[in-house]
Every structure is written in C-alpha cells, then in structure tokens.
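Raw start_27.txt, compact mmCIF, C-alpha atoms:
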# COMPACT_ATOMS: atom_id res chain seq x y z
CA VAL A 233 -15.09 -14.88 0.07
CA ARG A 234 -11.63 -15.49 -1.35
CA GLU A 235 -11.44 -11.94 -2.73
CA ARG A 236 -12.41 -10.51 0.66
CA GLN A 237 -9.73 -12.58 2.37
CA GLN A 238 -7.12 -11.37 -0.11
CA TYR A 239 -8.24 -7.77 0.39
CA ALA A 240 -8.04 -8.12 4.18
CA TRP A 241 -4.54 -9.61 3.90
CA LEU A 242 -3.42 -6.79 1.59
CA CYS A 243 -4.81 -4.15 3.97
CA SER A 244 -2.96 -5.69 6.90
CA GLN A 245 0.31 -5.72 4.93
CA LEU A 246 -0.13 -2.11 3.84
CA TYR A 247 -0.94 -1.07 7.40
CA ARG A 248 2.12 -2.71 8.90
CA LYS A 249 4.71 -1.57 6.39
CA ALA A 250 5.12 0.90 3.57
CA GLY A 251 6.97 0.49 0.30
CA LEU A 252 5.53 -2.85 -0.84
CA GLY A 253 6.12 -1.89 -4.45
CA ASN A 254 3.55 -1.44 -7.19
CA VAL A 255 0.28 -2.35 -5.43
CA SER A 256 -2.97 -2.07 -7.38
CA LEU A 257 -6.48 -3.40 -6.97
CA ASP A 258 -9.88 -3.10 -8.64
CA LEU A 259 -13.10 -2.15 -6.89
CA CYS A 260 -16.02 -3.73 -8.73
CA ASP A 261 -19.67 -2.86 -9.18
CA GLY A 262 -21.68 -4.76 -6.59
CA ASP A 263 -24.42 -5.66 -9.07
CA THR A 264 -22.53 -6.48 -12.27
CA GLY A 265 -19.11 -7.47 -10.92
CA GLU A 266 -17.49 -5.22 -13.55
CA PRO A 267 -14.41 -3.20 -12.49
CA ARG A 268 -15.47 0.31 -11.52
CA TYR A 269 -12.32 1.81 -10.00
CA THR A 270 -8.64 0.87 -10.25
CA LEU A 271 -6.60 1.92 -7.22
CA HIS A 272 -2.82 2.24 -7.04
CA VAL A 273 -1.10 2.58 -3.67
CA VAL A 274 1.92 4.88 -3.77
CA ASP A 275 4.11 5.32 -0.69
CA ASN A 276 6.50 8.23 -0.30
CA PRO A 277 9.09 7.34 2.38
CA THR A 278 10.89 10.69 2.03
CA VAL A 279 7.96 12.61 3.53
CA LYS A 280 8.42 13.59 7.16
CA PRO A 281 5.21 12.61 9.00
CA SER A 282 2.99 15.32 10.40
CA ARG A 283 -0.63 15.35 11.52
CA ASP A 284 -2.08 16.27 8.14
CA ASN A 285 0.10 14.50 5.56
CA HIS A 286 -0.48 10.80 6.22
CA PHE A 287 -2.96 9.85 3.54
CA ALA A 288 -4.74 11.28 0.50
CA ILE A 289 -6.83 10.02 -2.41
CA PHE A 290 -6.26 11.34 -5.93
CA ILE A 291 -9.10 10.92 -8.44
CA ILE A 292 -7.84 10.81 -12.02
CA PRO A 293 -10.21 12.55 -14.46
CA GLN A 294 -11.80 10.26 -17.04
CA GLY A 295 -9.66 9.76 -20.13
CA ARG A 296 -6.43 10.89 -18.50
CA GLU A 297 -5.46 7.55 -16.95
CA THR A 298 -3.24 6.89 -20.00
CA GLU A 299 -0.99 9.90 -19.28
CA TRP A 300 2.50 9.13 -17.95
CA LEU A 301 1.83 10.90 -14.64
CA PHE A 302 -1.13 8.64 -13.87
CA GLY A 303 -0.59 5.51 -15.95
CA MET A 304 3.03 4.65 -15.15
CA GLU A 305 4.58 3.70 -11.82
CA GLU A 306 7.31 6.34 -12.08
CA GLY A 307 4.73 8.97 -12.95
CA ARG A 308 2.61 8.09 -9.92
CA LYS A 309 5.70 8.31 -7.71
CA GLN A 310 6.33 11.81 -9.03
CA LEU A 311 2.69 12.69 -8.41
CA ALA A 312 2.94 11.41 -4.83
CA ALA A 313 6.12 13.39 -4.23
CA SER A 314 4.46 16.56 -5.52
CA ALA A 315 1.37 15.98 -3.38
CA GLY A 316 3.49 15.60 -0.25
CA PHE A 317 1.66 12.75 1.51
CA ARG A 318 3.09 9.59 3.09
CA ARG A 319 0.64 7.48 1.10
CA LEU A 320 -1.33 8.47 -1.97
CA ILE A 321 -4.07 6.35 -3.51
CA THR A 322 -4.67 7.12 -7.18
CA VAL A 323 -8.13 6.22 -8.47
CA ALA A 324 -8.82 5.59 -12.17
CA LEU A 325 -12.41 5.60 -13.43
CA HIS A 326 -13.34 2.81 -15.84
CA ARG A 327 -14.95 3.37 -19.21
CA GLY A 328 -18.43 1.93 -19.51
CA GLN A 329 -19.29 2.97 -15.95
CA ARG A 330 -21.57 5.86 -15.01
CA TYR A 331 -20.34 8.46 -12.52
CA GLU A 332 -22.55 11.21 -11.14
CA GLY A 333 -19.81 13.58 -10.03
CA MET A 334 -16.96 14.16 -7.62
CA ASP A 335 -19.10 14.16 -4.47
CA SER A 336 -20.79 10.85 -5.27
CA ILE A 337 -17.44 9.24 -6.14
CA GLN A 338 -15.96 10.38 -2.83
CA ALA A 339 -18.92 8.96 -0.91
CA GLU A 340 -18.73 5.69 -2.85
CA LEU A 341 -15.01 5.26 -2.22
CA LEU A 342 -15.35 5.95 1.50
CA SER A 343 -18.22 3.47 1.78
CA ALA A 344 -16.07 0.93 -0.10
CA ARG A 345 -13.68 0.79 2.86
CA VAL A 346 -10.84 2.56 1.08
CA MET A 347 -9.84 3.95 4.47
CA GLU A 348 -8.56 0.47 5.30
CA LEU A 349 -5.66 1.22 2.95
CA ALA A 350 -4.44 4.05 5.19
CA PRO A 351 -0.94 3.72 6.70
CA ALA A 352 -0.19 3.07 10.35
CA GLY A 353 0.16 6.14 12.53
CA MET A 354 -2.68 8.13 11.01
CA PRO A 355 -4.73 9.81 13.77
CA ALA A 356 -8.20 8.43 14.40
CA GLN A 357 -11.06 10.32 12.71
CA GLN A 358 -8.54 12.04 10.43
CA GLN A 359 -10.31 13.68 7.50
CA VAL A 360 -8.74 12.44 4.28
CA PRO A 361 -8.36 14.96 1.44
CA PHE A 362 -9.53 14.10 -2.06
CA LEU A 363 -7.32 15.57 -4.78
CA SER A 364 -7.80 15.87 -8.53
CA VAL A 365 -6.93 17.96 -11.58
CA GLY A 366 -9.25 20.87 -12.19
CA GLY A 367 -11.73 19.79 -9.55
CA ASP A 368 -13.95 17.65 -11.79
CA ILE A 369 -14.09 14.06 -13.05
CA GLY A 370 -13.39 14.86 -16.69
CA VAL A 371 -15.34 13.97 -19.82
CA ARG A 372 -15.30 10.69 -21.74
CA THR A 373 -17.72 9.92 -24.57
CA ILE A 374 -17.53 6.53 -26.28
CA GLN A 375 -18.20 6.99 -29.99
CA HIS A 376 -17.75 3.42 -31.20
CA GLN A 377 -16.85 -0.04 -29.93
CA GLY A 378 -15.92 -3.04 -32.00
CA CYS A 379 -13.78 -6.13 -32.34
CA SER A 380 -10.97 -6.69 -34.83
CA PRO A 381 -9.87 -10.23 -35.75
CA LEU A 382 -6.26 -9.08 -35.46
CA SER A 383 -6.28 -6.79 -32.42
CA GLY A 384 -9.38 -7.84 -30.50
CA SER A 385 -11.80 -5.45 -28.84
CA TYR A 386 -11.27 -1.74 -29.33
CA VAL A 387 -12.97 1.54 -28.50
CA VAL A 388 -13.05 4.98 -30.11
CA GLU A 389 -13.67 7.68 -27.52
CA ASP A 390 -13.58 11.44 -27.12
CA VAL A 391 -11.88 12.80 -24.01
CA GLN A 392 -11.16 16.24 -22.65
CA GLY A 393 -7.49 17.12 -22.12
CA ASP A 394 -6.02 19.32 -19.42
CA ASP A 395 -6.23 22.33 -21.75
CA LYS A 396 -10.01 21.79 -22.18
CA HIS A 397 -9.55 20.71 -25.80
CA TYR A 398 -11.10 17.44 -26.94
CA PHE A 399 -9.27 14.49 -28.45
CA ARG A 400 -10.51 11.41 -30.28
CA ARG A 401 -8.62 8.26 -29.38
CA LEU A 402 -8.39 4.68 -30.54
CA ILE A 403 -7.61 2.23 -27.75
CA PHE A 404 -7.24 -1.54 -27.96
CA LEU A 405 -8.73 -2.98 -24.79
CA SER A 406 -6.07 -5.69 -24.58
CA ASN A 407 -3.72 -2.84 -23.60
CA ARG A 408 -6.17 -0.25 -22.31
CA ASN A 409 -3.57 2.13 -20.87
CA VAL A 410 -1.93 2.73 -24.25
CA VAL A 411 -3.42 5.14 -26.79
CA GLN A 412 -3.06 3.60 -30.25
CA SER A 413 -3.81 6.84 -32.09
CA GLU A 414 -5.09 10.28 -31.16
CA ALA A 415 -6.33 13.36 -33.01
CA ARG A 416 -7.42 16.71 -31.62
CA LEU A 417 -10.98 17.68 -32.51
CA LEU A 418 -11.26 21.09 -34.14
CA LYS A 419 -14.67 21.64 -32.55
CA ASP A 420 -15.83 20.47 -29.14
CA VAL A 421 -18.34 18.09 -30.71
CA SER A 422 -18.21 15.61 -27.84
CA HIS A 423 -18.92 18.27 -25.23
CA ARG A 424 -21.87 19.72 -27.13
CA ALA A 425 -23.34 16.28 -27.66
CA GLN A 426 -23.09 15.53 -23.96
CA LYS A 427 -24.82 18.81 -23.08
CA LYS A 428 -27.62 17.99 -25.52
CA ARG A 429 -28.14 14.56 -23.95
CA LYS A 430 -28.37 16.14 -20.49
CA LYS A 431 -31.09 18.53 -21.71
CA ASP A 432 -33.03 15.62 -23.22
Represent the supplied structure as structure tokens.
Amino acid sequence: VRERQQYAWLCSQLYRKAGLGNVSLDLCDGDTGEPRYTLHVVDNPTVKPSRDNHFAIFIIPQGRETEWLFGMEEGRKQLAASAGFRRLITVALHRGQRYEGMDSIQAELLSARVMELAPAGMPAQQQVPFLSVGGDIGVRTIQHQGCSPLSGSYVVEDVQGDDKHYFRRLIFLSNRNVVQSEARLLKDVSHRAQKKRKKD
C-alpha cells in the first residue's frame, strides 16, 4: 500500500510540473517482487509543445543500459533532446528477467499504468510512440554468476553491441551500471547458443 501511495504522489508531482530532476522508479514482477523494469523520467523544457511531441517511451536494448547515453543523467538528457519530446521515459530491462519481445514489453508497460507518468497538456487518447535502437530488445546471455568475498555478487554475461558484435562483460552487482571489464568475442558464440536453445 505504501508503495502505491508513493507512486500516486510521484505521478501527481510529475503531472503538475516538469523538471523535478533525476526521477527514477522500478516496476517489479507481480509474482516475485523482483525489479523488472527501471524507468527514468527525462523532461526537455526547450521543446516547443505540439500535438505529437508530448510524451514517448524509449526501451533500452538489453546489455546497453551501461552506456553513457542510457546509464548517465547527462546522456539521457542528450537522448531526450535528440528524440524531441517534452517528456521521455527510458526503460531499462533487468538481467534475470524473461522478455518475449518488443510487442509484449509495450503491452506490459501500458498495462502497468506507465501512462500516468505523462505530462500535463497531452491530448486525451494520444497514442504514445515507443522508441528503441535497432527495433529489437537486444541480446543478453548470462554465462556465470558468483559471489566474491571481496567484491560481492558478480555476473559474467554476453551482450550484443550496436554494431551487432558480441562482448563478454564482468559486472559487480553492487554497481550494476558499471562494466568492470569487457572483451569482444571473436565469434558470435552467445548468439549461436541462443539460437540452439530456441530450436530445442
């Protein structure tokens, strides 16, 4: 109940005024309570309002949430300025969660009342565009998880970059938006393994 009250208060603040600063929230799985999406609200006060530029949702492909453009406040501001909307919601997909595809994510976000984060002045029944990079949700394959006595929990994962090459990364979960080390894979092993699992 408390979380719902806080969410309702945040929505009312975001509706009444823009530019509240770095606003983020997690949407959790209804069954497990685990974070499923992390949303950042980015307002762009320099945009002149028109009928079609009030609000948009940007889905960050899996594995790319650590990039400066998506993982840092200044990067998200630049992304919002490039997109040209009064308010942009960036959506990061959490590791350890299963996602069926772009269409199912869009339906899930709309059913999760994300529209309540829209700014004042948006026309009723306005269709909200979903934006992304490359039109898909990206590829992330977890190769190993463990716990170090010095650094805590960590994960080794393969992700697909914007040039379609694959990279193997080490990430400490205490600072999950920072890549500790990264190496490009010479062969797209992760992608082939994922295709094989789908056939099975």
>> Applying 9 Å and only C-alpha atoms, which residues near segment 275-286 of chain A remain after dropping the ones on its own chain fewer than 3 positions away? List them as a ChimeraX atom specification.
In response: /A:250-253,309,312-313,316-321,350-355,358-360
With segment 397-421 of chain A as the partner and 7 Å as the cut-off, tabulate the residues of segment 337-387 of chain A that qualify, each row holding the nearest pair of atoms and their distance in Å to one decimal, using all atoms listed in the file, sorted by chain and rising number, as a tab-separated table.
residue	atom	partner	partner_atom	distance
A:Ser383	CA	A:Phe404	CA	7.0
A:Ser385	CA	A:Leu405	CA	5.7
A:Tyr386	CA	A:Phe404	CA	4.3
A:Val387	CA	A:Ile403	CA	5.5
>> I'd like the neighbourhood of segment 362-377 of chain A as a PyMOL selection string, where a residue qualifies if any of its atoms comes within 6 Å (using only C-alpha atoms), though same-chain residues fewer than 2 positions away should be ignored.
In response: chain A and resi 289-291+293-295+386-392
> What does the distance between atom CA of Asp395 of chain A and atom CA of Leu271 of chain A come to in Å, to one decimal place?
Replying inline: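 Computing it gives 25.1 Å between the two atoms.
Each of A:Ile292, A:Leu382, A:Val273, A:Met334 was checked against Leu257 of chain A using only C-alpha atoms; the smallest atom-to-atom distance is that of A:Val273.
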> atom CA of Asp394 of chain A and atom CA of Gly328 of chain A, how far apart in Å?
Replying inline: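 Going from atom CA of Gly328 of chain A over to atom CA of Asp394 of chain A, I get 21.4 Å.
With all atoms listed in the file as the basis for measurement, A:Val274 is the residue among A:Val274, A:Gln238, A:Ser244, A:Gly265 that approaches Gln310 of chain A most closely.
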>> If I take atom CA of Leu342 of chain A and atom CA of Gly393 of chain A, how far is one from the other in Å, to one decimal?
In response: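 Those two atoms sit 27.3 Å apart.
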>> Ranking A:Leu325, A:Ala240, A:Ala339, A:Met347 by minimum distance to Leu259 of chain A and counting all atoms listed in the file, which one comes first?
In response: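 With all atoms listed in the file as the atom set, the closest residue is A:Leu325.
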>> Nearest residue to Glu340 of chain A out of A:Asp263, A:Asp258, A:Glu235, A:Arg268, using all atoms listed in the file?
In response: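 Of all the options, A:Arg268 lies closest to Glu340 of chain A.
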>> Here is a test: counting only C-alpha atoms, which residue of A:Lys396, A:Arg296, A:Cys243, A:Val346 is nearest to Arg327 of chain A?
In response: A:Arg296
